[in-house]
>>> print(open('target.pdb').read())   # PDB, C-alpha atoms
ATOM      1  CA  MET A  26       0.000   0.000   0.000
ATOM      2  CA  ALA A  27       2.853   2.364   0.888
ATOM      3  CA  SER A  28       4.591   1.683  -2.426
ATOM      4  CA  LYS A  29       1.329   2.312  -4.341
ATOM      5  CA  SER A  30       0.870   5.586  -2.466
ATOM      6  CA  LYS A  31       4.411   6.685  -3.310
ATOM      7  CA  LEU A  32       3.879   5.720  -6.942
ATOM      8  CA  ALA A  33       0.666   7.783  -7.077
ATOM      9  CA  GLN A  34       2.445  10.776  -5.545
ATOM     10  CA  LYS A  35       5.257  10.383  -8.055
ATOM     11  CA  ARG A  36       2.793  10.346 -10.939
ATOM     12  CA  GLN A  37       1.033  13.433  -9.583
ATOM     13  CA  ALA A  38       4.357  15.249  -9.262
ATOM     14  CA  THR A  39       5.332  14.277 -12.822
ATOM     15  CA  SER A  40       1.928  15.390 -14.122
ATOM     16  CA  ALA A  41       2.209  18.714 -12.269
ATOM     17  CA  LYS A  42       5.678  19.326 -13.763
ATOM     18  CA  LYS A  43       4.399  18.507 -17.238
ATOM     19  CA  ILE A  44       1.445  20.890 -16.865
ATOM     20  CA  ASN A  45       3.705  23.663 -15.550
ATOM     21  CA  PHE A  46       6.105  23.094 -18.467
ATOM     22  CA  TYR A  47       3.330  23.695 -20.982
ATOM     23  CA  LEU A  48       1.915  26.626 -19.042
ATOM     24  CA  ILE A  49       5.335  28.299 -19.200
ATOM     25  CA  GLY A  50       6.095  27.088 -22.714
ATOM     26  CA  ILE A  51       3.037  28.651 -24.388
ATOM     27  CA  PRO A  52       3.730  32.322 -23.462
ATOM     28  CA  VAL A  53       7.492  31.861 -23.874
ATOM     29  CA  PHE A  54       7.022  30.488 -27.403
ATOM     30  CA  ALA A  55       4.696  33.384 -28.259
ATOM     31  CA  PHE A  56       7.244  35.839 -26.820
ATOM     32  CA  PHE A  57      10.024  34.484 -29.056
ATOM     33  CA  ILE A  58       7.734  34.833 -32.085
ATOM     34  CA  LYS A  59       7.215  38.470 -31.082
ATOM     35  CA  LEU A  60      10.987  38.976 -30.867
ATOM     36  CA  ILE A  61      11.254  37.807 -34.492
ATOM     37  CA  ILE A  62       8.437  40.183 -35.504
ATOM     38  CA  MET A  63      10.085  43.042 -33.609
ATOM     39  CA  ALA A  64      13.361  42.452 -35.445
ATOM     40  CA  ASN A  65      11.523  42.876 -38.756
ATOM     41  CA  ILE A  66       9.583  46.064 -37.958
ATOM     42  CA  LYS A  67      11.481  48.866 -39.670
ATOM     43  CA  GLY A  68      10.957  52.543 -40.291
ATOM     44  CA  THR A  69      10.736  54.311 -43.638
ATOM     45  CA  ASP A  70      14.511  54.785 -43.579
ATOM     46  CA  GLY A  71      15.086  51.039 -43.183
ATOM     47  CA  ALA A  72      16.268  51.333 -39.559
ATOM     48  CA  MET A  73      14.846  48.858 -37.043
ATOM     49  CA  LEU A  74      12.002  50.315 -34.992
ATOM     50  CA  GLY A  75      11.110  47.161 -33.079
ATOM     51  CA  GLY A  76       7.458  48.138 -32.663
ATOM     52  CA  TRP A  77       4.481  49.968 -34.126
ATOM     53  CA  LEU A  78       3.282  53.435 -33.196
ATOM     54  CA  GLY A  79      -0.341  52.381 -32.783
ATOM     55  CA  ALA A  80      -3.381  54.652 -32.988
ATOM     56  CA  ASP A  81      -2.073  57.391 -30.645
ATOM     57  CA  GLY A  82       1.615  56.515 -30.669
ATOM     58  CA  GLU A  83       2.739  59.829 -32.150
ATOM     59  CA  ASN A  84       0.866  61.745 -29.450
ATOM     60  CA  TYR A  85       2.463  59.691 -26.677
ATOM     61  CA  LEU A  86       5.916  60.219 -28.183
ATOM     62  CA  SER A  87       5.175  63.942 -28.466
ATOM     63  CA  GLY A  88       4.571  63.915 -24.705
ATOM     64  CA  VAL A  89       7.825  62.011 -24.182
ATOM     65  CA  ASP A  90       9.620  64.659 -26.250
ATOM     66  CA  GLY A  91       8.313  67.336 -23.884
ATOM     67  CA  LEU A  92       9.542  65.351 -20.878
ATOM     68  CA  LEU A  93      12.971  64.927 -22.479
ATOM     69  CA  GLN A  94      13.258  68.652 -23.092
ATOM     70  CA  GLN A  95      11.870  70.031 -19.828
ATOM     71  CA  GLY A  96      11.741  67.154 -17.388
ATOM     72  CA  TYR A  97       8.874  65.850 -15.252
ATOM     73  CA  PHE A  98       7.151  69.239 -14.972
ATOM     74  CA  SER A  99       7.143  69.868 -18.706
ATOM     75  CA  ASP A 100       4.489  72.372 -19.785
ATOM     76  CA  LYS A 101       3.860  70.671 -23.133
ATOM     77  CA  SER A 102       0.085  70.872 -23.522
ATOM     78  CA  ILE A 103      -0.451  67.248 -24.509
ATOM     79  CA  LEU A 104       0.852  66.086 -21.098
ATOM     80  CA  SER A 105      -1.943  67.898 -19.287
ATOM     81  CA  TYR A 106      -4.585  67.471 -21.981
ATOM     82  CA  TRP A 107      -4.170  63.671 -21.868
ATOM     83  CA  PRO A 108      -3.137  61.701 -18.760
ATOM     84  CA  ALA A 109       0.661  61.895 -18.563
ATOM     85  CA  GLY A 110       1.193  58.448 -17.014
ATOM     86  CA  TYR A 111       1.979  56.398 -20.125
ATOM     87  CA  PRO A 112       4.386  58.989 -21.634
ATOM     88  CA  ILE A 113       6.146  59.162 -18.247
ATOM     89  CA  LEU A 114       6.692  55.382 -18.318
ATOM     90  CA  ILE A 115       8.148  55.630 -21.844
ATOM     91  CA  TRP A 116      10.296  58.551 -20.675
ATOM     92  CA  ILE A 117      11.782  56.279 -17.990
ATOM     93  CA  LEU A 118      12.706  53.747 -20.702
ATOM     94  CA  THR A 119      14.556  56.470 -22.636
ATOM     95  CA  LYS A 120      17.053  56.506 -19.763
ATOM     96  CA  ILE A 121      18.132  53.062 -21.006
ATOM     97  CA  SER A 122      18.200  53.946 -24.714
ATOM     98  CA  LEU A 123      16.628  56.883 -26.494
ATOM     99  CA  ALA A 124      17.466  55.626 -29.983
ATOM    100  CA  HIS A 125      15.771  52.259 -29.419
ATOM    101  CA  VAL A 126      12.952  53.353 -27.125
ATOM    102  CA  ILE A 127      10.160  51.930 -29.323
ATOM    103  CA  TYR A 128      11.932  48.564 -29.275
ATOM    104  CA  LEU A 129      12.240  48.818 -25.485
ATOM    105  CA  VAL A 130       8.530  49.636 -25.156
ATOM    106  CA  ALA A 131       7.550  46.620 -27.285
ATOM    107  CA  PHE A 132      10.018  44.335 -25.468
ATOM    108  CA  THR A 133       8.922  45.444 -21.977
ATOM    109  CA  GLN A 134       5.226  45.206 -22.792
ATOM    110  CA  SER A 135       5.664  41.783 -24.442
ATOM    111  CA  ILE A 136       7.600  40.221 -21.582
ATOM    112  CA  PHE A 137       5.119  41.678 -19.068
ATOM    113  CA  TYR A 138       2.217  40.289 -21.091
ATOM    114  CA  ALA A 139       3.875  36.854 -21.321
ATOM    115  CA  TYR A 140       4.433  36.617 -17.565
ATOM    116  CA  ALA A 141       0.983  38.009 -16.688
ATOM    117  CA  SER A 142      -0.797  35.529 -18.962
ATOM    118  CA  TYR A 143       1.224  32.655 -17.466
ATOM    119  CA  TYR A 144       0.506  33.796 -13.910
ATOM    120  CA  PHE A 145      -3.218  34.192 -14.582
ATOM    121  CA  VAL A 146      -3.631  30.794 -16.272
ATOM    122  CA  LYS A 147      -1.613  29.127 -13.498
ATOM    123  CA  GLN A 148      -4.137  30.347 -10.907
ATOM    124  CA  LEU A 149      -6.965  28.580 -12.760
ATOM    125  CA  ARG A 150      -5.871  25.296 -11.204
ATOM    126  CA  GLY A 151      -8.505  24.033  -8.828
ATOM    127  CA  THR A 152     -11.224  26.200 -10.388
ATOM    128  CA  LYS A 153     -14.041  25.262 -12.766
ATOM    129  CA  LEU A 154     -11.895  26.589 -15.614
ATOM    130  CA  GLN A 155      -9.029  24.147 -14.980
ATOM    131  CA  PRO A 156     -10.024  21.832 -17.912
ATOM    132  CA  TYR A 157      -9.690  24.835 -20.245
ATOM    133  CA  MET A 158      -6.351  26.164 -18.961
ATOM    134  CA  PHE A 159      -4.370  25.326 -22.088
ATOM    135  CA  LEU A 160      -7.045  26.715 -24.417
ATOM    136  CA  ILE A 161      -7.139  29.943 -22.411
ATOM    137  CA  GLY A 162      -3.329  30.082 -22.448
ATOM    138  CA  LEU A 163      -3.273  29.626 -26.230
ATOM    139  CA  ALA A 164      -6.001  32.226 -26.724
ATOM    140  CA  LEU A 165      -4.108  34.778 -24.633
ATOM    141  CA  ALA A 166      -0.767  34.058 -26.296
ATOM    142  CA  PHE A 167      -1.911  33.982 -29.916
ATOM    143  CA  ASN A 168      -4.931  36.281 -29.987
ATOM    144  CA  PRO A 169      -3.798  38.700 -32.743
ATOM    145  CA  THR A 170      -5.675  41.747 -31.453
ATOM    146  CA  LEU A 171      -4.767  41.409 -27.787
ATOM    147  CA  SER A 172      -1.356  39.762 -27.870
ATOM    148  CA  LEU A 173       0.159  41.700 -30.789
ATOM    149  CA  SER A 174      -0.952  45.008 -29.263
ATOM    150  CA  SER A 175       1.983  44.577 -26.879
ATOM    151  CA  LEU A 176       4.204  45.490 -29.860
ATOM    152  CA  ALA A 177       2.458  48.837 -30.300
ATOM    153  CA  VAL A 178       3.029  52.094 -28.439
ATOM    154  CA  GLY A 179      -0.186  52.169 -26.440
ATOM    155  CA  TYR A 180      -1.480  51.401 -22.959
ATOM    156  CA  GLU A 181      -3.953  48.658 -23.971
ATOM    157  CA  ALA A 182      -1.635  45.631 -23.668
ATOM    158  CA  PRO A 183       0.065  46.651 -20.390
ATOM    159  CA  ILE A 184      -3.332  47.402 -18.835
ATOM    160  CA  ALA A 185      -4.569  43.964 -19.948
ATOM    161  CA  SER A 186      -1.441  42.523 -18.294
ATOM    162  CA  CYS A 187      -2.199  44.437 -15.093
ATOM    163  CA  PHE A 188      -5.718  43.022 -15.022
ATOM    164  CA  MET A 189      -4.435  39.467 -15.548
ATOM    165  CA  MET A 190      -2.073  39.946 -12.592
ATOM    166  CA  ILE A 191      -4.961  41.327 -10.510
ATOM    167  CA  ALA A 192      -7.273  38.443 -11.433
ATOM    168  CA  GLY A 193      -4.521  35.915 -10.712
ATOM    169  CA  LEU A 194      -3.743  37.407  -7.306
ATOM    170  CA  ILE A 195      -7.408  37.461  -6.303
ATOM    171  CA  LEU A 196      -7.907  33.852  -7.443
ATOM    172  CA  ALA A 197      -4.834  32.805  -5.454
ATOM    173  CA  THR A 198      -6.358  34.188  -2.234
ATOM    174  CA  PHE A 199      -9.636  32.265  -2.471
ATOM    175  CA  ASN A 200     -10.004  29.775   0.388
ATOM    176  CA  GLN A 201      -6.757  31.039   1.921
ATOM    177  CA  PRO A 202      -6.279  32.243   5.519
ATOM    178  CA  LEU A 203      -6.079  35.979   6.159
ATOM    179  CA  ASP A 204      -2.388  35.811   6.985
ATOM    180  CA  LYS A 205       0.568  37.988   6.011
ATOM    181  CA  LYS A 206       0.655  36.449   2.532
ATOM    182  CA  PHE A 207      -2.978  37.404   1.969
ATOM    183  CA  TRP A 208      -2.426  41.051   2.889
ATOM    184  CA  ILE A 209       0.657  41.212   0.660
ATOM    185  CA  ALA A 210      -1.605  40.032  -2.168
ATOM    186  CA  VAL A 211      -4.117  42.776  -1.300
ATOM    187  CA  ALA A 212      -1.360  45.411  -1.422
ATOM    188  CA  SER A 213      -0.116  43.945  -4.715
ATOM    189  CA  VAL A 214      -3.595  44.222  -6.236
ATOM    190  CA  GLY A 215      -3.623  47.883  -5.201
ATOM    191  CA  GLY A 216      -0.199  48.314  -6.819
ATOM    192  CA  TRP A 217      -1.294  46.791 -10.147
ATOM    193  CA  PHE A 218      -4.423  48.927 -10.125
ATOM    194  CA  ALA A 219      -2.212  51.955  -9.480
ATOM    195  CA  LEU A 220      -0.110  51.116 -12.547
ATOM    196  CA  ALA A 221      -3.242  50.608 -14.677
ATOM    197  CA  THR A 222      -4.839  53.878 -13.570
ATOM    198  CA  PHE A 223      -1.515  55.680 -14.042
ATOM    199  CA  MET A 224      -1.756  54.773 -17.720
ATOM    200  CA  GLN A 225      -5.526  55.250 -18.008
ATOM    201  CA  PRO A 226      -7.397  56.861 -15.081
ATOM    202  CA  ARG A 227     -10.808  55.707 -16.364
ATOM    203  CA  PHE A 228     -10.101  52.380 -14.608
ATOM    204  CA  LEU A 229     -10.424  54.073 -11.209
ATOM    205  CA  LEU A 230     -14.101  53.123 -11.028
ATOM    206  CA  ILE A 231     -13.385  49.512 -12.036
ATOM    207  CA  ALA A 232     -10.690  49.310  -9.350
ATOM    208  CA  ILE A 233     -13.112  50.475  -6.641
ATOM    209  CA  ILE A 234     -15.821  48.040  -7.822
ATOM    210  CA  VAL A 235     -13.408  45.089  -7.893
ATOM    211  CA  ALA A 236     -12.079  45.977  -4.428
ATOM    212  CA  MET A 237     -15.630  46.057  -3.021
ATOM    213  CA  LEU A 238     -16.672  42.783  -4.680
ATOM    214  CA  TRP A 239     -13.486  41.090  -3.448
ATOM    215  CA  ALA A 240     -14.099  42.427   0.062
ATOM    216  CA  LEU A 241     -17.577  40.873   0.086
ATOM    217  CA  LYS A 242     -15.981  37.445  -0.415
ATOM    218  CA  VAL A 243     -14.118  37.775   2.895
ATOM    219  CA  VAL A 244     -15.582  37.003   6.317
ATOM    220  CA  GLY A 245     -15.735  39.865   8.831
ATOM    221  CA  THR A 246     -16.716  43.506   8.441
ATOM    222  CA  LYS A 247     -13.295  44.790   9.586
ATOM    223  CA  ASN A 248     -11.479  42.637   7.030
ATOM    224  CA  ARG A 249     -13.813  43.821   4.281
ATOM    225  CA  ILE A 250     -13.153  47.450   5.154
ATOM    226  CA  ARG A 251      -9.392  46.794   5.294
ATOM    227  CA  ILE A 252      -9.341  45.196   1.835
ATOM    228  CA  ALA A 253     -11.387  47.964   0.199
ATOM    229  CA  ALA A 254      -9.411  50.693   1.984
ATOM    230  CA  LEU A 255      -5.948  49.226   1.284
ATOM    231  CA  VAL A 256      -6.583  48.600  -2.422
ATOM    232  CA  THR A 257      -8.148  52.046  -2.897
ATOM    233  CA  ALA A 258      -5.461  53.874  -0.903
ATOM    234  CA  ILE A 259      -2.564  52.333  -2.856
ATOM    235  CA  MET A 260      -4.350  52.731  -6.172
ATOM    236  CA  MET A 261      -5.054  56.432  -5.525
ATOM    237  CA  VAL A 262      -1.315  57.172  -5.436
ATOM    238  CA  ALA A 263      -1.242  57.067  -9.258
ATOM    239  CA  PRO A 264      -3.863  59.748  -9.984
ATOM    240  CA  ALA A 265      -2.466  61.810  -7.110
ATOM    241  CA  ILE A 266       0.913  61.914  -8.892
ATOM    242  CA  MET A 267      -0.683  63.242 -12.092
ATOM    243  CA  ILE A 268      -2.891  65.711 -10.214
ATOM    244  CA  TYR A 269       0.172  67.091  -8.413
ATOM    245  CA  ARG A 270       2.078  67.411 -11.711
ATOM    246  CA  ASN A 271      -0.775  69.325 -13.352
ATOM    247  CA  SER A 272      -1.299  71.545 -10.306
ATOM    248  CA  VAL A 273       2.323  72.650 -10.640
ATOM    249  CA  VAL A 274       2.383  72.967 -14.438
ATOM    250  CA  ILE A 275      -1.054  74.407 -15.325
ATOM    251  CA  ASP A 276      -2.267  75.353 -11.841
ATOM    252  CA  LYS A 277      -5.221  72.939 -12.098
ATOM    253  CA  ALA A 278      -5.714  70.041  -9.689
ATOM    254  CA  THR A 279      -6.909  67.652 -12.378
ATOM    255  CA  ILE A 280      -5.747  64.358 -13.888
ATOM    256  CA  SER A 281      -6.261  65.668 -17.434
ATOM    257  CA  THR A 282      -8.222  68.402 -19.189
ATOM    258  CA  ASN A 283      -9.647  66.359 -22.077
ATOM    259  CA  LEU A 284     -12.698  65.079 -20.169
ATOM    260  CA  GLY A 285     -14.865  68.106 -20.943
ATOM    261  CA  VAL A 286     -13.827  68.050 -24.593
ATOM    262  CA  THR A 287     -14.651  64.364 -25.074
ATOM    263  CA  MET A 288     -18.016  64.832 -23.334
ATOM    264  CA  ASN A 289     -18.774  67.686 -25.725
ATOM    265  CA  LEU A 290     -18.758  65.500 -28.864
ATOM    266  CA  GLY A 291     -22.548  65.535 -28.956
ATOM    267  CA  ALA A 292     -24.923  63.291 -30.871
ATOM    268  CA  GLY A 293     -27.336  63.569 -33.771
ATOM    269  CA  PRO A 294     -27.262  64.119 -37.551
ATOM    270  CA  GLU A 295     -25.505  67.512 -37.339
ATOM    271  CA  THR A 296     -22.685  66.274 -35.120
ATOM    272  CA  THR A 297     -19.487  65.126 -36.840
ATOM    273  CA  GLY A 298     -18.202  63.012 -33.966
ATOM    274  CA  GLY A 299     -14.946  64.970 -34.023
ATOM    275  CA  TYR A 300     -13.442  66.946 -31.171
ATOM    276  CA  LYS A 301     -14.580  70.208 -32.784
ATOM    277  CA  HIS A 302     -18.219  70.190 -31.741
ATOM    278  CA  THR A 303     -20.933  71.034 -34.264
ATOM    279  CA  GLY A 304     -24.696  70.812 -34.083
ATOM    280  CA  PRO A 305     -27.016  70.930 -31.068
TER     281      PRO A 305
END
>>> encode(input="target.pdb", output="structure tokens")
Amino acid sequence: MASKSKLAQKRQATSAKKINFYLIGIPVFAFFIKLIIMANIKGTDGAMLGGWLGADGENYLSGVDGLLQQGYFSDKSILSYWPAGYPILIWILTKISLAHVIYLVAFTQSIFYAYASYYFVKQLRGTKLQPYMFLIGLALAFNPTLSLSSLAVGYEAPIASCFMMIAGLILATFNQPLDKKFWIAVASVGGWFALATFMQPRFLLIAIIVAMLWALKVVGTKNRIRIAALVTAIMMVAPAIMIYRNSVVIDKATISTNLGVTMNLGAGPETTGGYKHTGP
């Protein structure tokens, strides 16, 4: 009986290693494909770019240019008109290499996406989605719209990566004691939400909703309040940074000034849908 038990444990360990190998292998394989694609993305002059500009890439790089010229408190209008978080992150990468910054953006976003997708799929063990882990892993790794967006200058892919990390961390805490490890996970969720909202503040509301729903899963009113408060407090650091920057630069305590403009698009047959409002 003892030998049979040891044999069963050995088989389980071998099976677990095999599953983990494939879970790691899928995003790693996709990442190496992206490296090949990056090496073949070139500019009009034939020089390697390593990534695509994306829909608003030129605007983000314009903001980075302002940061390079004047520093963190640059008064370039695009940095206060749009949230400055994503250009600031690119600006940090220019400290490594200015000439190859687009390549660095694509590389950083791709490796972050690969790890986040692996971490998220790994946490599906023991859930109702466990039988579909490999399909989900493949879909995340080779979905052209989502996965390849990590090669473009834009916040969409890194925010998707943040949300996969958040979902993975929350799944990992289910049915776990409220020990030190649990509260580190709560703080980490707040940190990933802070990074996401730093790039796109519209996710502030989603962060608060997720924190409240997660808190409801925990026993005890005090613990629920602690979870909601800790996630929200850490997450609010990101918009606070941008508000402080704008209060210094344009003397307005706001995350960005484009909200009123985008709300003024209007609707109806006489409205163009452009930022220059026409019609009633």
>>> closest_residue(input="target.pdb", among="A:Ile280, A:Ile121, A:Val211, A:Ile49", to="Tyr144 (chain A)", atoms="all atoms listed in the file")
A:Ile49
>>> residues_near_point(input="target.pdb", point="(0.5, 42.3, -35.1)", cutoff="10 Å", atoms="all atoms listed in the file", output="number ranges by chain")
A: 59, 62-63, 76-77, 168-177
>>> write_last_selection(input="target.pdb", atoms="C-alpha atoms", output="compact mmCIF listing (two decimals), in the coordinates of the input")
# COMPACT_ATOMS: atom_id res chain seq x y z
CA LYS A 59 7.22 38.47 -31.08
CA ILE A 62 8.44 40.18 -35.50
CA MET A 63 10.09 43.04 -33.61
CA GLY A 76 7.46 48.14 -32.66
CA TRP A 77 4.48 49.97 -34.13
CA ASN A 168 -4.93 36.28 -29.99
CA PRO A 169 -3.80 38.70 -32.74
CA THR A 170 -5.68 41.75 -31.45
CA LEU A 171 -4.77 41.41 -27.79
CA SER A 172 -1.36 39.76 -27.87
CA LEU A 173 0.16 41.70 -30.79
CA SER A 174 -0.95 45.01 -29.26
CA SER A 175 1.98 44.58 -26.88
CA LEU A 176 4.20 45.49 -29.86
CA ALA A 177 2.46 48.84 -30.30
>>> closest_residue(input="target.pdb", among="A:Tyr157, A:Phe199, A:Phe223, A:Phe137", to="Trp107 (chain A)", atoms="all atoms listed in the file")
A:Phe223
>>> resolve_selection(input="target.pdb", expression="the PyMOL selection byres ((chain A and resi 278) around 12)", output="CSV table (one decimal) with C-alpha atoms, keeping the file's coordinate frame")
chain,number,residue,atom,x,y,z
A,105,SER,CA,-1.9,67.9,-19.3
A,264,PRO,CA,-3.9,59.7,-10.0
A,265,ALA,CA,-2.5,61.8,-7.1
A,266,ILE,CA,0.9,61.9,-8.9
A,267,MET,CA,-0.7,63.2,-12.1
A,268,ILE,CA,-2.9,65.7,-10.2
A,269,TYR,CA,0.2,67.1,-8.4
A,270,ARG,CA,2.1,67.4,-11.7
A,271,ASN,CA,-0.8,69.3,-13.4
A,272,SER,CA,-1.3,71.5,-10.3
A,273,VAL,CA,2.3,72.6,-10.6
A,274,VAL,CA,2.4,73.0,-14.4
A,275,ILE,CA,-1.1,74.4,-15.3
A,276,ASP,CA,-2.3,75.4,-11.8
A,277,LYS,CA,-5.2,72.9,-12.1
A,279,THR,CA,-6.9,67.7,-12.4
A,280,ILE,CA,-5.7,64.4,-13.9
A,281,SER,CA,-6.3,65.7,-17.4
A,282,THR,CA,-8.2,68.4,-19.2
>>> closest_residue(input="target.pdb", among="A:Ala212, A:Ile250, A:Ala124, A:Leu78", to="Ile66 (chain A)", atoms="only C-alpha atoms")
A:Leu78
